[in-house]
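Colleague: Structure in structure tokens, see below.
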Amino acid sequence: MDELISALELATDEELDQITDILFRRKFNPLDYVTMPHVAEVKSLGREQLVAKLVERFRFLAADGFSIIKGNTQLLSYRLVLERVCQHLKIKYSLSQSTADLESELFLHLLSRSWEKLPKRQRDRLNQLVTQDQVYASVKNSQNPLALLLKGSSA
């Protein structure tokens, strides 16, 4: 079974609603305005049907044009999509890494990029909030604790 299906089956109803809102927005593809059901219609499905619809939509959005034309989107695994995203973002990964590790690397990469784009004032404020939290006491003495967490995240 694909990791995506397993994860969606574990998701709460609220999480499935949020995923549905994201995946079924009509801004990803011009064809969505013609062919895609409305979000409310998708949300009204039973849980098993909803999970199947979310997997189908995810694979459609992740597929290239040829896969869509040939009707081969079902061949895309969640892991393969993660690997393609890593390649696109030029993130080093190993085929021996678990899917969870790939997810972590992608998340941390995107978090790091977002951190770099934040204005200095917001970074300073976040640093201040983190240094006040006892959970991060071990990195509290660092001048830039969030950057330390982000850089050391792959380790």
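Residue numbering restarts at 1 in every chain; chains get A, B, ... in the order shown in the structure tokens, and ligands count up from 1 in that same order.
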Within 12 Å of Phe107 (chain A), counting only C-alpha atoms, which residues qualify if same-chain residues fewer than 3 places away don't, as a PDB file with N, CA, C and O atoms, in the first residue's frame?

Modeller:
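Generated file (selection-v5.pdb):
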ATOM      1  N   LEU A  82       8.014  12.503  -3.968  1.00  0.00           N
ATOM      2  CA  LEU A  82       8.987  13.138  -3.067  1.00  0.00           C
ATOM      3  C   LEU A  82      10.377  13.182  -3.700  1.00  0.00           C
ATOM      4  O   LEU A  82      11.081  14.192  -3.603  1.00  0.00           O
ATOM      5  N   VAL A  85      10.500  15.893  -6.305  1.00  0.00           N
ATOM      6  CA  VAL A  85      10.562  17.219  -5.684  1.00  0.00           C
ATOM      7  C   VAL A  85      11.983  17.483  -5.196  1.00  0.00           C
ATOM      8  O   VAL A  85      12.517  18.581  -5.386  1.00  0.00           O
ATOM      9  N   CYS A  86      12.617  16.483  -4.593  1.00  0.00           N
ATOM     10  CA  CYS A  86      14.015  16.635  -4.152  1.00  0.00           C
ATOM     11  C   CYS A  86      14.911  16.960  -5.335  1.00  0.00           C
ATOM     12  O   CYS A  86      15.776  17.845  -5.247  1.00  0.00           O
ATOM     13  N   LEU A  89      14.297  20.574  -6.479  1.00  0.00           N
ATOM     14  CA  LEU A  89      14.844  21.566  -5.550  1.00  0.00           C
ATOM     15  C   LEU A  89      16.343  21.394  -5.311  1.00  0.00           C
ATOM     16  O   LEU A  89      16.934  22.118  -4.525  1.00  0.00           O
ATOM     17  N   ILE A  91      17.915  18.924  -3.784  1.00  0.00           N
ATOM     18  CA  ILE A  91      18.174  18.445  -2.434  1.00  0.00           C
ATOM     19  C   ILE A  91      18.797  17.064  -2.565  1.00  0.00           C
ATOM     20  O   ILE A  91      18.236  16.187  -3.223  1.00  0.00           O
ATOM     21  N   ALA A 100       9.854   8.801   5.246  1.00  0.00           N
ATOM     22  CA  ALA A 100       9.766   9.800   6.329  1.00  0.00           C
ATOM     23  C   ALA A 100      10.996  10.701   6.332  1.00  0.00           C
ATOM     24  O   ALA A 100      10.882  11.907   6.568  1.00  0.00           O
ATOM     25  N   ASP A 101      12.171  10.136   6.065  1.00  0.00           N
ATOM     26  CA  ASP A 101      13.389  10.946   6.000  1.00  0.00           C
ATOM     27  C   ASP A 101      13.336  11.928   4.825  1.00  0.00           C
ATOM     28  O   ASP A 101      13.770  13.078   4.953  1.00  0.00           O
ATOM     29  N   LEU A 102      12.813  11.475   3.688  1.00  0.00           N
ATOM     30  CA  LEU A 102      12.667  12.382   2.544  1.00  0.00           C
ATOM     31  C   LEU A 102      11.710  13.523   2.873  1.00  0.00           C
ATOM     32  O   LEU A 102      11.974  14.680   2.547  1.00  0.00           O
ATOM     33  N   GLU A 103      10.604  13.182   3.531  1.00  0.00           N
ATOM     34  CA  GLU A 103       9.653  14.211   3.948  1.00  0.00           C
ATOM     35  C   GLU A 103      10.333  15.219   4.867  1.00  0.00           C
ATOM     36  O   GLU A 103      10.152  16.437   4.712  1.00  0.00           O
ATOM     37  N   SER A 104      11.109  14.722   5.801  1.00  0.00           N
ATOM     38  CA  SER A 104      11.814  15.603   6.751  1.00  0.00           C
ATOM     39  C   SER A 104      12.783  16.515   6.031  1.00  0.00           C
ATOM     40  O   SER A 104      12.852  17.713   6.318  1.00  0.00           O
ATOM     41  N   LEU A 110      12.523  23.563   2.996  1.00  0.00           N
ATOM     42  CA  LEU A 110      11.556  24.649   2.777  1.00  0.00           C
ATOM     43  C   LEU A 110      11.503  25.596   3.973  1.00  0.00           C
ATOM     44  O   LEU A 110      11.377  26.816   3.813  1.00  0.00           O
ATOM     45  N   LEU A 111      11.622  25.037   5.171  1.00  0.00           N
ATOM     46  CA  LEU A 111      11.653  25.867   6.370  1.00  0.00           C
ATOM     47  C   LEU A 111      12.879  26.781   6.358  1.00  0.00           C
ATOM     48  O   LEU A 111      12.786  27.970   6.658  1.00  0.00           O
ATOM     49  N   SER A 112      14.002  26.230   5.955  1.00  0.00           N
ATOM     50  CA  SER A 112      15.242  27.011   5.882  1.00  0.00           C
ATOM     51  C   SER A 112      15.121  28.135   4.851  1.00  0.00           C
ATOM     52  O   SER A 112      15.524  29.272   5.108  1.00  0.00           O
ATOM     53  N   ARG A 113      14.553  27.823   3.695  1.00  0.00           N
ATOM     54  CA  ARG A 113      14.362  28.857   2.659  1.00  0.00           C
ATOM     55  C   ARG A 113      13.426  29.953   3.145  1.00  0.00           C
ATOM     56  O   ARG A 113      13.649  31.135   2.890  1.00  0.00           O
ATOM     57  N   SER A 114      12.383  29.560   3.853  1.00  0.00           N
ATOM     58  CA  SER A 114      11.443  30.548   4.397  1.00  0.00           C
ATOM     59  C   SER A 114      12.127  31.418   5.430  1.00  0.00           C
ATOM     60  O   SER A 114      11.905  32.632   5.488  1.00  0.00           O
ATOM     61  N   LEU A 150      17.964  24.642  12.249  1.00  0.00           N
ATOM     62  CA  LEU A 150      17.782  24.376  10.835  1.00  0.00           C
ATOM     63  C   LEU A 150      19.031  23.765  10.221  1.00  0.00           C
ATOM     64  O   LEU A 150      18.953  22.819   9.449  1.00  0.00           O
ATOM     65  N   SER A 153      19.567  20.181  11.444  1.00  0.00           N
ATOM     66  CA  SER A 153      18.408  19.300  11.311  1.00  0.00           C
ATOM     67  C   SER A 153      18.726  18.028  10.538  1.00  0.00           C
ATOM     68  O   SER A 153      18.185  16.982  10.834  1.00  0.00           O
ATOM     69  N   SER A 154      19.591  18.093   9.556  1.00  0.00           N
ATOM     70  CA  SER A 154      19.903  16.899   8.769  1.00  0.00           C
ATOM     71  C   SER A 154      20.726  15.909   9.570  1.00  0.00           C
ATOM     72  O   SER A 154      20.713  14.721   9.282  1.00  0.00           O
TER      73      SER A 154
END

Colleague: Give the alpha helix (DSSP H) residues of region 68-147 of chain A, as DSSP finds them on the backbone, and put them as a ChimeraX atom specification.

Modeller: /A:68-70,78-89,99-117,120-132,145-147

Colleague: Give me, please, the distance in Å between CA of Val130 (chain A) and CA of Glu15 (chain A), quoted to one decimal.

Modeller: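 For CA of Val130 (chain A) relative to CA of Glu15 (chain A), the distance reads 26.5 Å.
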
Colleague: Report, in Å with one decimal, the straight-line distance from CA of Leu108 (chain A) to CA of Glu83 (chain A).

Modeller: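 Interatomic distance here is 15.0 Å.
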
Colleague: Between A:Leu95, A:Leu126, A:Met36, A:Val55, which has the minimum distance to Leu76 (chain A) (counting only C-alpha atoms)?

Modeller: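 Of A:Leu95, A:Leu126, A:Met36, A:Val55, the one nearest Leu76 (chain A) is A:Val55, counting only C-alpha atoms.
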